[in-house]
Amino acid sequence: MTTTLPHRPQLLVIGAGVAGGLVAQRAAEAGMRVTILCDGPELDRTQLVDRFRQADPQTMMSPYPVVPHAPQPQVARTDDYLIQKGPRPYNQQYIRAVGGTTWHWAASTWRYLPNDMKLRTLYGVGRDWPLDYWDIEPWYAEAERALGVAGPEDAPFDAPRSSPYPMPPAPFSYMDQIFHEELQRLGYAHISAPQARNNQQVYDGRPPCCGNANCMPICPIGAQYSGNMSIEKAQAAGAQLITDAVVHRLEVGEDGRITAARYLTPSREEFRVEADRFVLAANGIEGPKIMLMSTQDRAPQGVGNSSDMVGRNLMDHPGTSSSFDSERPLWPGRGPNVISAITSLRDGDFRSEYSARKMMILNMNPVEGIALAAIDEGLTGDALRNAVRHRTARRQVITAFHEQLPDPSNRMRPSTEGLTDALGLPRPEIHYDVDDYVTRAAEDTKRRVEEIAERFGAAPGSVEHNEGYLPNNHITGATIMGEDPRDSVVNSDCRTHDHPNLWISSSSNFPSVSSVNVTLTIAALALRLGEHIATEAQP
Amino acid sequence: MTRTPTLTRRSVLGGVSAAALLPGWASAQASGPSVAAFAAKCRELTGFDPIPRALLMGVREIYSATDQAALVADQADDALHASLLKALYTGMHRPEDGEPGRFAYSSALMYAAVEDSLNVPSYCGGLPGFWAEKPADV
């Protein structure tokens, strides 16, 4: 039996992370009746911190409760929910709860460069956005104010801007300062990373960061932005939040408009919500999965999928991570997890041949792995204690995000083998690979890290590189944006080509993934979308 | 991949015959060594003096009386030594044939080894912006 809720919102937002929260907030503050559906529960920061401290082991996901009705990929077993069909795994993690995946992030809030949105025109690869950078520049500024971003003015390879960052840049750690000196000598642009975190001031009611060194997986004091903050503001403006509501179907009416969303509760009761307008903001995998599960006579390939592009063009930032021991003690692990980045490889003519990159000096405490390795070497007593200390002060890690091009054969779809979750809904099945465009760049990245390591006195041949590619949870592409309804899912307003009252707010819309973290662009487009919908809804 | 030892009687069987000749071995096997004797061995192995009592009592609960006796009598094999050290340094017990378990976090010795320069993750490190200053030993 299905119960239709008695109230009919003007806007139903499916998803309660940054992408849904900012749309909902904007629309609610404009006076719209807004309801938000979230598939998972509300979370309490104090409890998350306690769970982290007690976790065994401590991972990116260990603070976050696992609820059977909203399974989320885990770090240790990424195949227990996502079905990996290869040839490479798409090992993304995301949080299905109010606030979404910005509960655990470095709060890196980069703008795309104008050229990031014109790959096809400028470099003959990938796709162009149907938007110009300057179309969304004011919304980037708005997003920076909404999230509370600290950043450097006029920094090389940072995007052009019409207004200053809301807060001055985060101070470099001692380690970053030394890297800055050396990297500049090597000819790199190395800048303070824009970040949605308070440094030495209060912003938007958030306290200044006191260097808990735990941005990932949980900021204990709420100094950095997380999506639940926007949800709370949306609620304060009158939006209604319904948690533990797992949307599994969108209904299409005679005129092609979406008429209702159906959701299941943890006990499998089914409800319908009818609404005037719908925004799908349910993550780059879960959102497209809802669309593909919604096959019906009026949408035989699923909602919004007349192009057959839903679920395709999956991208991430295939990552490298390289470690070495510096001659001098620099003590990574003091302050926020990521403070600085090398930006000079974000753009250039090389993009016609291989990926743009952003390289980061990781500022995370490495002591656990070092202690375990020293014990395995057989060290004991003072020799062990001194080795742990000596190595921890010197262990440097440089990571890199590589731009990946959209490829329709990289795709997610509901399980084709009938594999389901606890609610009986199909699990996401993923076919994914990384092509030579990335491989060429990754080889160049490793060579550059070795050159940098040599500068820091690392022994020749001592740099250790990860195997394969590391995931970075920047899930993009599966509802790709474009002007042509034949090969794209949403238009430049993030509205689906197929359904005039269905919009998508997600990095899944992005035609290019660039080489920077995607959240600020999600936020900018979400605010723009909220304004667009509120304006359209005006009588 | 690093081998993680099983914390069972099997891990010290190699040392039992010789150890059985030692004074007090039989009674130590039954009840385990005294806290003082076990603490002294932990101090020697880890390079830390003192060792936080909560950490010490945590590993006392994890390891069998037989294993503790073998450690104190210098009859434990390398795997048991490494297992104990990993537990004391990380606050986690990692049995080879079972689920890992955390019995301590902020008191783990690895954090004590670097405490003048690095705070334990999730705990406040100091005044905002402190990280821009030189660490203590630089």
# chains A, B, ... in the order shown; residues from 1 in each chain; ligands from 1
$ interface_residues --of "chain A" --to "chain B" --cutoff "7 Å" --atoms "only C-alpha atoms" --output "JSON, numbers by chain"
{"A": [53, 54, 55, 56, 171, 172, 173, 174, 199, 200, 208, 209, 210, 211, 212, 213, 214, 220, 329, 333, 334, 335, 367, 368, 371, 372, 375, 376, 380, 381, 382, 384, 385, 388, 389]}
$ write_last_selection --atoms "N, CA and C atoms" --output "tab-separated table (two decimals), in the first residue's frame"
chain	number	residue	atom	x	y	z
A	53	ARG	N	36.90	8.28	17.40
A	53	ARG	CA	37.95	7.96	18.37
A	53	ARG	C	37.91	6.50	18.81
A	54	GLN	N	36.76	5.91	18.76
A	54	GLN	CA	36.63	4.52	19.19
A	54	GLN	C	36.76	3.53	18.03
A	55	ALA	N	36.89	4.03	16.83
A	55	ALA	CA	36.81	3.15	15.66
A	55	ALA	C	38.07	2.29	15.52
A	56	ASP	N	37.85	1.14	14.94
A	56	ASP	CA	38.97	0.24	14.69
A	56	ASP	C	38.77	-0.44	13.33
A	171	PRO	N	46.83	30.41	7.01
A	171	PRO	CA	48.28	30.48	7.15
A	171	PRO	C	48.92	29.15	6.76
A	172	PHE	N	50.04	29.24	6.05
A	172	PHE	CA	50.81	28.03	5.76
A	172	PHE	C	51.33	27.41	7.06
A	173	SER	N	51.36	26.11	7.11
A	173	SER	CA	52.08	25.45	8.20
A	173	SER	C	53.58	25.63	7.95
A	174	TYR	N	54.36	25.30	8.95
A	174	TYR	CA	55.82	25.37	8.76
A	174	TYR	C	56.22	24.52	7.56
A	199	ASN	N	39.81	30.48	9.85
A	199	ASN	CA	41.19	30.37	10.33
A	199	ASN	C	41.37	31.08	11.67
A	200	GLN	N	41.41	32.39	11.62
A	200	GLN	CA	41.62	33.10	12.88
A	200	GLN	C	40.45	34.03	13.16
A	208	PRO	N	36.76	29.54	14.91
A	208	PRO	CA	38.01	29.39	14.16
A	208	PRO	C	38.61	28.01	14.36
A	209	CYS	N	39.27	27.52	13.31
A	209	CYS	CA	39.94	26.22	13.37
A	209	CYS	C	41.05	26.28	14.42
A	210	CYS	N	41.11	25.26	15.26
A	210	CYS	CA	42.21	25.21	16.22
A	210	CYS	C	43.12	24.02	15.91
A	211	GLY	N	43.16	23.64	14.64
A	211	GLY	CA	44.15	22.66	14.21
A	211	GLY	C	43.94	21.27	14.78
A	212	ASN	N	42.70	20.80	14.76
A	212	ASN	CA	42.44	19.44	15.24
A	212	ASN	C	43.02	18.38	14.31
A	213	ALA	N	43.44	18.81	13.13
A	213	ALA	CA	44.12	17.92	12.18
A	213	ALA	C	43.27	16.71	11.82
A	214	ASN	N	41.97	16.95	11.70
A	214	ASN	CA	41.05	15.83	11.50
A	214	ASN	C	39.90	16.21	10.56
A	220	PRO	N	35.95	18.17	14.40
A	220	PRO	CA	35.27	18.03	15.70
A	220	PRO	C	34.54	19.27	16.17
A	329	PRO	N	63.47	17.94	9.32
A	329	PRO	CA	62.16	17.71	9.94
A	329	PRO	C	61.20	18.82	9.57
A	333	GLY	N	51.18	17.39	9.51
A	333	GLY	CA	50.16	17.03	10.50
A	333	GLY	C	49.83	18.14	11.47
A	334	ARG	N	50.36	19.32	11.21
A	334	ARG	CA	50.04	20.46	12.06
A	334	ARG	C	49.04	21.36	11.33
A	335	GLY	N	47.83	21.46	11.86
A	335	GLY	CA	46.81	22.30	11.24
A	335	GLY	C	45.91	21.51	10.31
A	367	VAL	N	51.92	9.18	11.62
A	367	VAL	CA	52.66	8.40	12.61
A	367	VAL	C	52.24	6.92	12.68
A	368	GLU	N	50.99	6.61	12.45
A	368	GLU	CA	50.57	5.23	12.66
A	368	GLU	C	51.26	4.26	11.69
A	371	ALA	N	54.89	3.90	12.67
A	371	ALA	CA	55.11	3.06	13.86
A	371	ALA	C	54.97	1.58	13.52
A	372	LEU	N	53.95	1.25	12.76
A	372	LEU	CA	53.74	-0.17	12.41
A	372	LEU	C	54.91	-0.71	11.59
A	375	ILE	N	58.02	-1.24	13.79
A	375	ILE	CA	57.88	-2.46	14.62
A	375	ILE	C	58.12	-3.69	13.76
A	376	ASP	N	57.60	-3.67	12.54
A	376	ASP	CA	57.83	-4.82	11.66
A	376	ASP	C	59.31	-4.98	11.30
A	380	THR	N	62.96	-2.00	18.69
A	380	THR	CA	62.36	-1.97	20.02
A	380	THR	C	63.04	-0.88	20.84
A	381	GLY	N	62.44	-0.62	22.00
A	381	GLY	CA	63.05	0.28	22.97
A	381	GLY	C	63.28	1.68	22.42
A	382	ASP	N	64.39	2.29	22.86
A	382	ASP	CA	64.67	3.66	22.44
A	382	ASP	C	64.84	3.77	20.93
A	384	LEU	N	63.22	2.21	18.67
A	384	LEU	CA	61.88	2.28	18.09
A	384	LEU	C	61.29	3.67	18.31
A	385	ARG	N	61.33	4.11	19.54
A	385	ARG	CA	60.74	5.41	19.86
A	385	ARG	C	61.39	6.53	19.03
A	388	VAL	N	60.41	6.32	15.27
A	388	VAL	CA	59.03	6.80	15.02
A	388	VAL	C	59.02	8.32	14.97
A	389	ARG	N	59.69	8.90	15.90
A	389	ARG	CA	59.73	10.36	15.95
A	389	ARG	C	60.48	10.95	14.74
$ select_by_dssp --residues "region 52-126 of chain B" --states "strand (DSSP E or B)" --output "PyMOL selection string"
chain B and resi 92-93+101-102
$ write_last_selection --atoms "C-alpha atoms" --output "PDB file, in the first residue's frame"
ATOM      1  CA  MET B  92      44.629  -1.273  18.615  1.00  0.00           C
ATOM      2  CA  HIS B  93      44.749  -5.013  18.888  1.00  0.00           C
ATOM      3  CA  GLY B 101      39.701  -3.907  18.345  1.00  0.00           C
ATOM      4  CA  ARG B 102      40.575  -0.518  19.779  1.00  0.00           C
TER       5      ARG B 102
END
$ residues_around --residues "Leu405 (chain A)" --least-positions-apart "4" --cutoff "8 Å" --atoms "only C-alpha atoms" --output "PyMOL selection string"
chain A and resi 125-126+315+437+512-513
$ residues_around --residues "Gln68 (chain B)" --least-positions-apart "3" --cutoff "7 Å" --atoms "only C-alpha atoms" --output "ChimeraX atom specification"
/B:32-33,38,63-65,71-72
$ closest_residue --among "A:Asp421, A:Asp436, A:Asp493, A:Asp316" --to "Leu470 (chain A)" --atoms "only C-alpha atoms"
A:Asp316
$ atom_distance --atom1 "CA of His317 (chain A)" --atom2 "CA of Gly227 (chain A)"
21.5 Å
$ select_by_dssp --residues "region 361-434 of chain A" --states "helix (DSSP H, G or I)" --output "ChimeraX atom specification"
/A:367-376,381-394
$ closest_residue --among "B:Ala36, B:Leu88, B:Ser107, B:Asp97" --to "Ile62 (chain B)" --atoms "only C-alpha atoms"
B:Leu88
$ closest_residue --among "A:Gly20, A:Pro6, A:Gly187, A:Gly468" --to "Trp503 (chain A)" --atoms "only C-alpha atoms"
A:Gly20
